[in-house]
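Next up, model.cif (mmCIF, C-alpha atoms):
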data_query
#
loop_
_atom_site.label_atom_id
_atom_site.label_comp_id
_atom_site.auth_asym_id
_atom_site.auth_seq_id
_atom_site.Cartn_x
_atom_site.Cartn_y
_atom_site.Cartn_z
CA MET A 9 -23.46 -25.36 -14.20
CA ASN A 10 -24.90 -23.02 -16.83
CA LYS A 11 -22.96 -20.38 -18.75
CA LYS A 12 -24.28 -17.59 -16.51
CA ASN A 13 -22.93 -19.25 -13.35
CA ILE A 14 -19.60 -19.91 -15.05
CA SER A 15 -19.41 -16.21 -15.95
CA HIS A 16 -20.17 -15.23 -12.35
CA LYS A 17 -17.56 -17.65 -11.01
CA LYS A 18 -14.92 -16.29 -13.38
CA PHE A 19 -15.73 -12.72 -12.35
CA VAL A 20 -15.38 -13.61 -8.63
CA GLU A 21 -12.11 -15.48 -9.23
CA THR A 22 -10.67 -12.58 -11.24
CA TYR A 23 -11.69 -10.13 -8.53
CA GLU A 24 -10.16 -12.20 -5.72
CA LYS A 25 -6.95 -12.92 -7.60
CA ASN A 26 -6.20 -9.74 -9.57
CA ILE A 27 -8.40 -6.85 -8.49
CA LYS A 28 -9.11 -7.09 -4.76
CA GLU A 29 -5.79 -5.72 -3.46
CA TYR A 30 -5.86 -2.78 -5.88
CA ARG A 31 -9.43 -1.98 -4.84
CA GLN A 32 -8.52 -2.07 -1.15
CA GLU A 33 -5.56 0.21 -1.85
CA TYR A 34 -7.82 2.56 -3.82
CA TYR A 35 -10.29 3.03 -0.97
CA LYS A 36 -7.76 2.81 1.86
CA ASN A 37 -5.69 5.67 0.51
CA ILE A 38 -8.77 7.48 -0.82
CA VAL A 39 -7.27 7.61 -4.29
CA ARG A 40 -9.70 9.63 -6.35
CA SER A 41 -9.08 9.05 -10.01
CA THR A 42 -10.89 10.73 -12.90
CA SER A 43 -13.95 8.53 -13.14
CA SER A 44 -16.81 10.80 -14.10
CA ASN A 45 -18.87 10.23 -17.23
CA ASN A 46 -16.96 13.00 -19.02
CA ALA A 47 -13.62 11.41 -18.09
CA SER A 48 -14.86 8.00 -19.22
CA MET A 49 -15.94 9.50 -22.54
CA ILE A 50 -12.50 11.12 -23.00
CA TYR A 51 -10.83 7.80 -22.21
CA LEU A 52 -13.11 6.00 -24.70
CA ILE A 53 -12.22 8.54 -27.42
CA PHE A 54 -8.49 8.20 -26.68
CA TYR A 55 -8.86 4.42 -26.74
CA LEU A 56 -10.74 4.26 -30.05
CA ILE A 57 -8.82 6.85 -32.12
CA PRO A 58 -5.79 4.61 -32.93
CA ILE A 59 -8.03 1.64 -33.73
CA ILE A 60 -10.46 3.57 -36.00
CA LEU A 61 -7.63 5.39 -37.78
CA SER A 62 -5.64 2.22 -38.49
CA ILE A 63 -8.67 0.26 -39.74
CA LEU A 64 -9.67 3.20 -41.94
CA ILE A 65 -6.16 3.20 -43.44
CA ILE A 66 -6.23 -0.49 -44.38
CA PHE A 67 -9.74 -0.16 -45.83
CA LEU A 68 -8.74 2.84 -47.95
CA GLY A 69 -5.56 1.02 -48.97
CA ASN A 70 -7.61 -1.99 -50.11
CA PHE A 71 -5.89 -4.23 -47.52
CA SER A 72 -2.53 -3.96 -49.29
CA ILE A 73 0.80 -4.69 -47.63
CA ILE A 74 1.65 -0.96 -47.52
CA SER A 75 -1.70 -0.08 -45.92
CA HIS A 76 -1.09 -2.71 -43.20
CA VAL A 77 2.38 -1.30 -42.45
CA ILE A 78 1.07 2.29 -42.37
CA GLY A 79 -1.87 1.15 -40.21
CA LEU A 80 0.43 -0.45 -37.62
CA LEU A 81 2.73 2.60 -37.60
CA SER A 82 -0.27 4.91 -37.19
CA ILE A 83 -1.26 3.02 -34.03
CA ILE A 84 2.19 3.50 -32.53
CA ILE A 85 2.46 7.18 -33.48
CA THR A 86 -1.12 8.00 -32.41
CA ASN A 87 -0.68 6.31 -29.02
CA ILE A 88 2.51 8.28 -28.39
CA ILE A 89 0.74 11.54 -29.27
CA LEU A 90 -2.26 10.66 -27.08
CA LYS A 91 0.06 9.71 -24.21
CA ILE A 92 1.74 13.12 -24.40
CA MET A 93 -1.66 14.86 -24.56
CA SER A 94 -3.05 12.91 -21.60
CA SER A 95 0.05 13.80 -19.55
CA ILE A 96 -0.30 17.50 -20.43
CA LEU A 97 -4.03 17.45 -19.62
CA ASN A 98 -3.37 15.38 -16.46
CA LEU A 99 -5.67 12.59 -17.64
CA ASP A 100 -3.26 9.79 -16.75
CA SER A 101 -4.74 7.43 -14.21
CA LYS A 102 -2.79 7.25 -10.97
CA SER A 103 -4.98 4.41 -9.69
CA ASN A 104 -3.80 0.83 -10.10
CA TYR A 105 -7.40 -0.20 -9.48
CA LEU A 106 -8.68 1.79 -12.44
CA ASN A 107 -5.82 0.57 -14.64
CA GLU A 108 -6.57 -3.08 -13.87
CA ILE A 109 -10.34 -2.90 -14.43
CA ARG A 110 -9.79 -1.08 -17.72
CA LYS A 111 -7.83 -4.13 -18.87
CA LEU A 112 -11.05 -6.09 -18.29
CA GLY A 113 -13.03 -3.66 -20.44
CA PHE A 114 -14.47 -1.37 -17.76
CA LEU A 115 -14.11 2.35 -18.47
CA SER A 116 -14.73 3.62 -14.92
CA VAL A 117 -14.79 2.54 -11.30
CA GLU A 118 -18.57 3.02 -11.27
CA ASP A 119 -19.04 0.51 -14.12
CA TYR A 120 -16.98 -2.15 -12.35
CA GLU A 121 -18.54 -1.50 -8.92
CA LYS A 122 -22.04 -2.11 -10.33
CA LYS A 123 -21.09 -5.58 -11.51
CA LEU A 124 -19.09 -6.23 -8.34
CA LYS A 125 -22.12 -5.43 -6.21
CA LYS A 126 -24.30 -7.70 -8.32
CA TYR A 127 -22.03 -10.75 -8.22
CA VAL A 128 -19.92 -10.35 -5.07
CA THR A 129 -20.67 -7.69 -2.46
CA GLY A 130 -24.39 -6.96 -2.83
CA PRO A 131 -27.54 -8.82 -1.73
CA GLY A 132 -27.47 -12.39 -2.98
CA GLY A 133 -23.78 -12.04 -3.89
CA TYR A 134 -20.93 -14.41 -3.13
CA TYR A 135 -19.88 -12.66 0.11
CA GLU A 136 -23.40 -12.82 1.57
CA TYR A 137 -23.52 -16.60 1.14
CA LEU A 138 -19.99 -16.94 2.49
CA LEU A 139 -20.88 -14.88 5.59
CA LYS A 140 -23.92 -17.04 6.30
CA ASP A 141 -21.83 -20.23 6.04
CA ILE A 142 -19.25 -18.90 8.52
CA MET A 143 -21.93 -17.71 10.95
CA ASP A 144 -23.60 -21.13 10.87
CA LYS A 145 -20.26 -22.88 11.38
CA TYR A 146 -19.32 -20.81 14.44
CA ASN A 147 -22.87 -20.52 15.81
CA ILE A 148 -22.82 -16.72 15.51
CA ASN A 149 -26.10 -14.89 15.92
CA GLU A 150 -27.43 -11.44 16.80
CA LYS A 151 -26.66 -12.08 20.50
CA THR A 152 -22.93 -12.23 19.71
CA ARG A 153 -21.07 -9.10 20.83
CA LYS A 154 -20.14 -6.55 18.14
CA ILE A 155 -17.59 -3.77 17.82
CA SER A 156 -17.18 -1.20 15.04
CA GLY A 157 -14.10 -0.40 12.98
CA ILE A 158 -13.26 3.18 12.04
CA HIS A 159 -13.89 2.51 8.34
CA GLY A 160 -17.45 1.27 8.80
CA GLU A 161 -16.67 -2.36 9.63
CA LEU A 162 -18.94 -4.15 12.09
CA TYR A 163 -17.19 -7.09 13.72
CA TYR A 164 -18.65 -9.97 15.66
CA ILE A 165 -16.24 -10.65 18.53
CA TRP A 166 -15.93 -13.72 20.76
CA THR A 167 -13.30 -15.97 22.36
CA ASN A 168 -12.41 -19.56 21.54
CA ALA A 169 -13.11 -22.52 23.82
CA ASN A 170 -9.64 -22.35 25.38
CA GLN A 171 -10.05 -18.64 26.12
CA ASP A 172 -6.63 -17.91 24.62
CA LYS A 173 -7.77 -16.19 21.42
CA ILE A 174 -10.19 -13.48 20.40
CA LEU A 175 -11.98 -14.00 17.11
CA LEU A 176 -13.34 -11.30 14.81
CA LEU A 177 -15.69 -11.60 11.85
CA ASN A 178 -16.62 -8.58 9.77
CA SER A 179 -20.34 -8.71 9.05
CA ARG A 180 -20.10 -6.12 6.25
CA THR A 181 -20.38 -7.89 2.90
CA SER A 182 -18.45 -5.16 1.07
CA ASP A 183 -15.39 -7.04 2.38
CA LYS A 184 -14.76 -10.76 2.15
CA PRO A 185 -16.02 -12.41 5.35
CA GLU A 186 -13.05 -14.02 7.07
CA ILE A 187 -12.28 -15.09 10.62
CA ILE A 188 -9.51 -12.99 12.17
CA SER A 189 -7.89 -14.99 14.96
CA ILE A 190 -5.68 -13.10 17.44
CA ARG A 191 -3.85 -14.97 20.18
CA PHE A 192 -3.76 -13.19 23.53
CA VAL A 193 0.02 -13.61 23.76
CA ASN A 194 0.41 -11.76 20.44
CA ILE A 195 -1.52 -8.70 21.61
CA ARG A 196 0.89 -5.94 22.63
CA TYR A 197 -1.78 -3.58 23.97
CA PHE A 198 -4.88 -1.60 23.17
CA ARG A 199 -5.28 2.09 23.90
CA ILE A 200 -7.45 5.13 23.33
CA ASP A 201 -6.10 7.58 20.77
CA TYR A 202 -7.67 10.77 22.03
CA THR A 203 -6.39 12.82 19.09
CA LYS A 204 -7.99 10.64 16.41
CA LYS A 205 -10.84 9.55 18.69
CA MET A 206 -10.39 5.86 18.13
CA ILE A 207 -9.06 2.72 19.83
CA VAL A 208 -5.83 1.14 18.61
CA LEU A 209 -5.41 -2.61 19.12
CA LYS A 210 -1.75 -3.43 18.49
CA THR A 211 -0.58 -6.97 17.85
CA ASP A 212 2.82 -8.30 16.84
CA MET A 213 1.81 -8.46 13.16
CA GLU A 214 -1.02 -6.01 12.62
CA ASP A 215 -2.77 -2.97 14.06
CA PHE A 216 -6.57 -2.74 14.28
CA TYR A 217 -8.58 0.46 14.66
CA PHE A 218 -11.98 0.60 16.35
CA THR A 219 -14.44 3.31 17.32
CA LEU A 220 -14.52 4.51 20.92
CA ASP A 221 -17.67 2.54 21.75
CA ALA A 222 -15.61 -0.66 21.49
CA LEU A 223 -13.81 0.19 24.76
CA ASP A 224 -16.20 -1.61 27.12
CA THR A 225 -16.14 -4.80 25.04
CA LEU A 226 -12.33 -4.83 24.78
CA ASN A 227 -12.06 -4.18 28.51
CA GLU A 228 -14.28 -7.19 29.06
CA PHE A 229 -12.23 -9.50 26.83
CA ILE A 230 -8.64 -8.28 27.28
CA LYS A 231 -8.56 -5.82 30.18
CA GLU A 232 -5.03 -6.89 31.15
CA LYS A 233 -3.83 -5.76 27.68
CA ARG A 234 -4.93 -2.17 28.12
CA PHE A 235 -1.90 0.07 27.69
CA GLU A 236 -2.23 1.55 31.17
CA ASN A 237 -2.20 -1.97 32.65
CA ILE A 238 0.98 -3.16 30.90
CA LYS A 239 3.73 -3.52 33.52
CA GLU A 240 6.67 -4.59 31.36
CA PHE A 241 8.29 -2.20 28.90
CA THR A 242 9.87 -4.16 26.05
CA PRO A 243 11.01 -1.74 23.32
CA GLU A 244 12.71 -4.60 21.46
CA ASN A 245 9.33 -6.21 20.73
CA HIS A 246 7.88 -3.02 19.28
CA ILE A 247 10.98 -2.36 17.18
CA ASN A 248 11.05 -5.93 15.86
CA ASP A 249 7.34 -5.75 15.00
CA PHE A 250 7.85 -2.54 13.04
CA GLU A 251 10.93 -3.81 11.20
CA LEU A 252 9.10 -6.99 10.18
CA TYR A 253 6.20 -4.89 8.91
CA MET A 254 8.58 -2.67 6.92
CA HIS A 255 10.33 -5.74 5.50
CA ASN A 256 6.96 -6.90 4.15
CA ILE A 257 6.37 -3.42 2.70
CA LYS A 258 9.72 -3.60 0.90
CA ASN A 259 8.79 -6.99 -0.54
CA GLU A 260 5.50 -5.55 -1.82
CA ILE A 261 7.30 -2.61 -3.46
CA ASP A 262 9.79 -4.93 -5.14
CA LYS A 263 7.02 -7.31 -6.18
CA GLU A 264 5.05 -4.47 -7.75
CA GLY A 265 8.10 -3.39 -9.75
CA LYS A 266 8.69 -6.96 -10.99
CA SER A 267 5.01 -7.37 -11.84
CA ASN A 268 5.15 -4.16 -13.86
CA ASP A 269 8.16 -5.48 -15.80
CA SER A 270 6.35 -8.79 -16.37
CA ASP A 271 3.34 -6.94 -17.80
CA LEU A 272 5.65 -5.12 -20.22
CA THR A 273 7.08 -8.44 -21.43
CA ILE A 274 3.56 -9.77 -22.05
CA GLU A 275 2.54 -6.69 -24.05
CA LEU A 276 5.73 -6.84 -26.12
CA SER A 277 4.96 -10.49 -26.87
CA LYS A 278 1.49 -9.47 -28.08
CA ILE A 279 3.08 -6.90 -30.41
CA VAL A 280 5.30 -9.57 -31.97
CA ILE A 281 2.40 -12.02 -32.32
CA CYS A 282 0.23 -9.36 -33.97
CA ILE A 283 2.95 -8.51 -36.50
CA ILE A 284 3.30 -12.22 -37.34
CA ALA A 285 -0.49 -12.53 -37.56
CA VAL A 286 -0.69 -9.60 -40.00
CA ALA A 287 1.99 -11.24 -42.17
CA VAL A 288 0.08 -14.55 -42.15
CA ILE A 289 -3.23 -12.81 -42.99
CA ILE A 290 -1.64 -10.98 -45.95
CA PHE A 291 0.00 -14.20 -47.20
CA LEU A 292 -3.25 -16.21 -46.98
CA LYS A 293 -5.23 -13.44 -48.63
CA ASN A 294 -2.79 -13.23 -51.56
CA ALA A 295 -2.56 -17.03 -51.81
CA SER A 296 -6.34 -17.46 -51.96
CA ASN A 297 -6.75 -14.35 -54.11
CA LYS A 298 -10.11 -13.79 -52.43
CA PHE A 299 -11.42 -10.86 -50.44
CA THR A 300 -13.61 -12.44 -47.72
CA TRP A 301 -15.13 -11.32 -44.44
CA PHE A 302 -12.83 -13.77 -42.66
CA PHE A 303 -9.76 -11.68 -43.56
CA ILE A 304 -11.53 -8.44 -42.65
CA LEU A 305 -12.52 -9.82 -39.24
CA ALA A 306 -9.04 -11.25 -38.64
CA ASP A 307 -7.49 -7.90 -39.55
CA ILE A 308 -9.78 -5.95 -37.20
CA ILE A 309 -9.13 -8.32 -34.26
CA THR A 310 -5.38 -8.18 -34.84
CA PHE A 311 -5.30 -4.40 -35.06
CA ILE A 312 -7.42 -4.01 -31.90
CA THR A 313 -5.03 -6.33 -30.01
CA PHE A 314 -2.03 -4.44 -31.40
CA ALA A 315 -3.58 -1.10 -30.35
CA ASN A 316 -4.27 -2.37 -26.82
CA ALA A 317 -0.72 -3.67 -26.41
CA THR A 318 0.75 -0.43 -27.78
CA LYS A 319 -1.37 1.64 -25.38
CA GLU A 320 -0.11 -0.40 -22.41
CA ILE A 321 3.51 -0.06 -23.52
CA THR A 322 3.28 3.72 -23.97
CA SER A 323 1.77 3.91 -20.46
CA TYR A 324 4.56 1.80 -18.96
CA LYS A 325 6.71 3.46 -16.34
CA LYS A 326 9.99 1.91 -15.35
CA ARG A 327 10.10 1.32 -11.62
CA SER A 328 13.52 0.85 -10.12
CA TYR A 329 13.92 0.80 -6.36
CA LYS A 330 17.62 0.08 -6.06
CA LYS A 331 18.50 3.29 -4.24
CA ASP A 332 17.62 4.07 -0.63
CA ASP A 333 16.26 7.46 -1.66
CA ASP A 334 13.66 5.75 -3.88
CA TYR A 335 12.42 3.57 -1.02
CA ILE A 336 12.48 6.44 1.49
CA LYS A 337 10.37 8.65 -0.76
CA ILE A 338 7.74 5.92 -1.16
CA ILE A 339 7.42 4.75 2.45
CA ASN A 340 7.54 8.24 3.97
CA THR A 341 4.50 9.28 1.93
CA ASN A 342 2.56 6.06 2.54
CA PRO A 343 -0.30 6.82 5.01
CA GLU A 344 -0.23 3.30 6.47
CA CYS A 345 3.54 3.41 7.04
CA ILE A 346 3.20 6.83 8.67
CA GLU A 347 0.45 5.52 10.95
CA ARG A 348 2.52 2.50 12.00
CA PHE A 349 5.58 4.68 12.58
CA ASP A 350 3.59 7.07 14.78
CA GLU A 351 2.30 4.08 16.77
CA LEU A 352 5.87 2.82 17.20
CA LYS A 353 6.89 6.17 18.65
CA PHE A 354 3.94 6.07 21.03
CA ALA A 355 4.83 2.54 22.16
CA LEU A 356 8.43 3.64 22.79
CA GLY A 357 7.26 6.69 24.73
CA ILE A 358 8.67 9.14 22.17
CA LYS A 359 6.87 12.47 22.37
CA PRO A 360 6.42 14.98 19.51
CA GLU A 361 7.87 17.82 21.61
CA TYR A 362 11.29 16.18 21.99
CA ASP A 363 14.21 18.19 20.57
CA ARG A 364 15.42 17.65 17.02
CA VAL A 365 19.01 17.52 15.86
CA TYR A 366 20.30 16.92 12.34
CA THR A 367 23.26 15.22 10.74
CA LYS A 368 25.19 16.99 7.98
CA GLU A 369 23.33 14.71 5.51
CA GLY A 370 20.04 16.18 6.74
CA ALA A 371 18.80 13.18 8.74
CA CYS A 372 16.55 14.24 11.63
CA TYR A 373 17.00 12.69 15.08
CA LEU A 374 14.87 13.17 18.17
CA THR A 375 16.89 13.41 21.36
CA TRP A 376 15.97 13.62 25.03
CA VAL A 377 17.07 12.58 28.52
CA ALA A 378 14.73 10.54 30.75
CA ASN A 379 15.16 8.23 33.72
CA GLY A 380 18.93 8.64 33.67
CA TYR A 381 19.28 7.71 29.99
CA PHE A 382 20.32 9.72 26.96
CA HIS A 383 18.10 8.83 23.98
CA VAL A 384 18.59 9.31 20.22
CA PHE A 385 15.96 8.21 17.68
CA LEU A 386 16.04 8.55 13.88
CA ASN A 387 12.80 10.36 13.01
CA LEU A 388 12.57 8.85 9.53
CA ILE A 389 10.55 5.88 8.35
CA TYR A 390 12.96 3.23 7.13
CA PHE A 391 13.27 -0.54 7.09
CA ASN A 392 15.47 -0.51 10.18
CA VAL A 393 14.81 1.47 13.36
CA VAL A 394 17.71 3.54 14.67
CA TYR A 395 17.14 3.99 18.39
CA MET A 396 19.79 4.28 21.05
CA ALA A 397 19.50 4.72 24.80
CA VAL A 398 22.67 4.95 26.90
CA LYS A 399 23.19 5.90 30.50
CA VAL A 400 23.96 9.57 30.96
CA SER A 401 27.07 8.48 32.86
CA ASP A 402 28.28 6.82 29.63
CA VAL A 403 28.18 10.14 27.79
CA LEU A 404 31.71 11.52 28.09
CA TYR A 405 31.10 14.95 26.57
CA PHE A 406 29.75 16.97 23.69
CA LYS A 407 31.62 19.74 21.91
CA ARG A 408 31.51 21.92 18.86
CA GLU A 409 34.32 20.95 16.54
CA GLY A 410 34.65 22.89 13.30
CA GLY A 411 31.32 22.92 11.52
CA GLU A 412 29.78 20.11 13.56
CA CYS A 413 28.82 19.10 17.07
CA ILE A 414 30.04 15.73 18.30
CA VAL A 415 28.78 13.65 21.21
CA LYS A 416 31.42 11.34 22.60
CA LEU A 417 30.17 8.13 24.18
CA LYS A 418 32.21 5.36 25.74
CA ASP A 419 32.14 3.19 22.64
CA LYS A 420 31.23 5.55 19.77
CA THR A 421 31.01 9.12 18.56
CA LEU A 422 27.87 10.77 17.23
CA SER A 423 28.10 13.69 14.81
CA PHE A 424 25.50 16.39 14.15
CA THR A 425 25.36 19.90 12.72
CA LYS A 426 26.80 22.72 14.83
CA ASP A 427 23.30 23.93 15.78
CA ALA A 428 22.86 20.78 17.89
CA GLU A 429 25.23 22.24 20.49
CA LYS A 430 22.40 24.38 21.90
CA ILE A 431 20.15 21.33 22.27
CA PHE A 432 22.77 19.24 24.07
CA ALA A 433 23.65 22.20 26.30
CA LYS A 434 20.01 22.11 27.44
CA ILE A 435 19.52 18.36 27.95
CA LEU A 436 23.14 17.46 28.91
CA PRO A 437 24.30 20.56 30.80
CA ASN A 438 27.02 18.74 32.71
CA LYS A 439 28.54 17.16 29.60
CA ASP A 440 29.82 20.32 27.91
CA TYR A 441 33.44 19.66 26.98
CA GLU A 442 34.61 23.16 27.90
CA TRP A 443 32.83 22.98 31.26
CA ILE A 444 34.33 19.55 32.04
CA LYS A 445 37.74 20.79 30.93
CA GLY A 446 37.42 23.80 33.27
CA ILE A 447 36.44 21.60 36.20
CA GLN A 448 39.35 19.20 35.58
CA SER A 449 41.88 22.04 35.35
CA ARG A 450 41.03 23.37 38.83
#

Show the structure stored in the file as structure tokens.
Amino acid sequence: MNKKNISHKKFVETYEKNIKEYRQEYYKNIVRSTSSNNASMIYLIFYLIPIILSILIIFLGNFSIISHVIGLLSIIITNIILKIMSSILNLDSKSNYLNEIRKLGFLSVEDYEKKLKKYVTGPGGYYEYLLKDIMDKYNINEKTRKISGIHGELYYIWTNANQDKILLLNSRTSDKPEIISIRFVNIRYFRIDYTKKMIVLKTDMEDFYFTLDALDTLNEFIKEKRFENIKEFTPENHINDFELYMHNIKNEIDKEGKSNDSDLTIELSKIVICIIAVAVIIFLKNASNKFTWFFILADIITFITFANATKEITSYKKRSYKKDDDYIKIINTNPECIERFDELKFALGIKPEYDRVYTKEGACYLTWVANGYFHVFLNLIYFNVVYMAVKVSDVLYFKREGGECIVKLKDKTLSFTKDAEKIFAKILPNKDYEWIKGIQSR
């Protein structure tokens, strides 16, 4: 294997291991960071200023001990000043993708995407060869049925020999070609979302989104799983699916925070190593009493490494997710979590027009009466689903008591703000405490 192939292999491995997830997040959430040529030039200037200034100082100081100390301090001070300026000018990157590729020496998304297309996603790239191998293995050809995803994916779709799984293979080489295997028993349903004009295929672990022209093909393969054809209503399955998904989201959030802390430790270690390296360089230079290009080169490399590490440390943001409010803020602004939560409400038959009541802490609950049951659902994305359905006959009464409205059930009491009394008077008209009291006193 020649050096060029080794370089390509390393690029692919780095992309798959370190960059891929950030890139998917970048495009999935349509995170648009400052990546124009002007922004790249500004970033390059901000990146080079501490390095040029510090090297200039040690040159002017004739590589003395004092010039080295002042040079290192100038890097720290300059990076702090540039960090403040970039925050004021809103030049801080909010994209993990851009942050990661900059660590590899790429100044913009465009620069990295060009090389990615050449080695991985473009014609003759790694993904094209991988797709061909999979198609040959599974005997897939142009006669194989296809369905389209809403983000431009084009999937080959077929069933296995036992007819108990559907298999999908994305033929678009911008994504890694992989077989997606979905067991029939794990499919909850598929349905048409008329609002978003797409088809939702819901499984126990994942949701898939296809364009409307996929309907005929899905009807052919899994007609019995169409939402309108589902005969059993099992809310427990949908709730468990969502809670498992949210548990995985929580693990990802915690993992990201730990990874961020680990990166800080690495950069701090680099700082210490650079300081030791500077001390060794000064000692060797004084011991040899010679001014050679070796010491100049060693100095420059050390100062560049020190500047890089300092830049990363000044950009570090402590992430602590120990409080519920921190988690709630993150997951309730996450588009994917919102989409899954909306799908959960659809699966449970919860409609947007249902009445809203609030606790004194400000938590919003949807409440309604249907099929002889009184329902209460916490309308907030969280790791656990709060959903209760009790027979109307098990509701003893509701009443306004002080500054709140309570709903008394057989085994518990629910408490909401006083405004909720009007809602319960509408949906539970025969459970008003004063009305029941009047009836009993007759």

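This file, queried with the PyMOL selection byres ((chain A and resi 408) around 12), gives the residues A:Tyr405, A:Phe406, A:Lys407, A:Glu409, A:Gly410, A:Gly411, A:Glu412, A:Cys413, A:Ile414, A:Val415, A:Lys416, A:Leu422, A:Ser423, A:Phe424, A:Thr425, A:Lys426, A:Asp427, A:Ala428, A:Glu429, A:Lys430, A:Ile431, A:Phe432, A:Ala433, A:Asp440, A:Tyr441, A:Glu442.
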
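Near segment 333-345 of chain A, within 7 Å and counting only C-alpha atoms, sit Tyr329, Arg348, Phe349, Ile389 and Tyr390 of chain A, not including residues fewer than 3 positions from it in the same chain.
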
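Across the model, the gap from atom CA of Asn178 of chain A to atom CA of Leu220 of chain A is 17.3 Å.
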
Protein and nucleic acid residues near (0.8, -0.4, -23.1) (cut-off 10 Å, all atoms listed in the file) as a PyMOL selection string: chain A and resi 87+271-272+274-276+314-325

Among listed residues A:Gln171, A:Asn147, A:Asn70, A:Thr86, nearest Phe229 of chain A (using all atoms listed in the file): A:Gln171

Residue members of the PyMOL selection byres ((chain A and resi 146) around 12) in the file shown, as a PyMOL selection string: chain A and resi 139-145+147-149+152+164-169+175-177+186-187

Neighbour list for Tyr135 of chain A as a JSON list (two decimals) with C-alpha atoms, in the frame of the given file, cut-off 8 Å, all atoms listed in the file, skip fewer than 6 positions in-chain:
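Generated file (result13.json):
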[["chain", "number", "residue", "atom", "x", "y", "z"],
["A", 128, "VAL", "CA", -19.92, -10.35, -5.07],
["A", 129, "THR", "CA", -20.67, -7.69, -2.46],
["A", 181, "THR", "CA", -20.38, -7.89, 2.90],
["A", 182, "SER", "CA", -18.45, -5.16, 1.07],
["A", 183, "ASP", "CA", -15.39, -7.04, 2.38],
["A", 184, "LYS", "CA", -14.76, -10.76, 2.15],
["A", 185, "PRO", "CA", -16.02, -12.41, 5.35]]
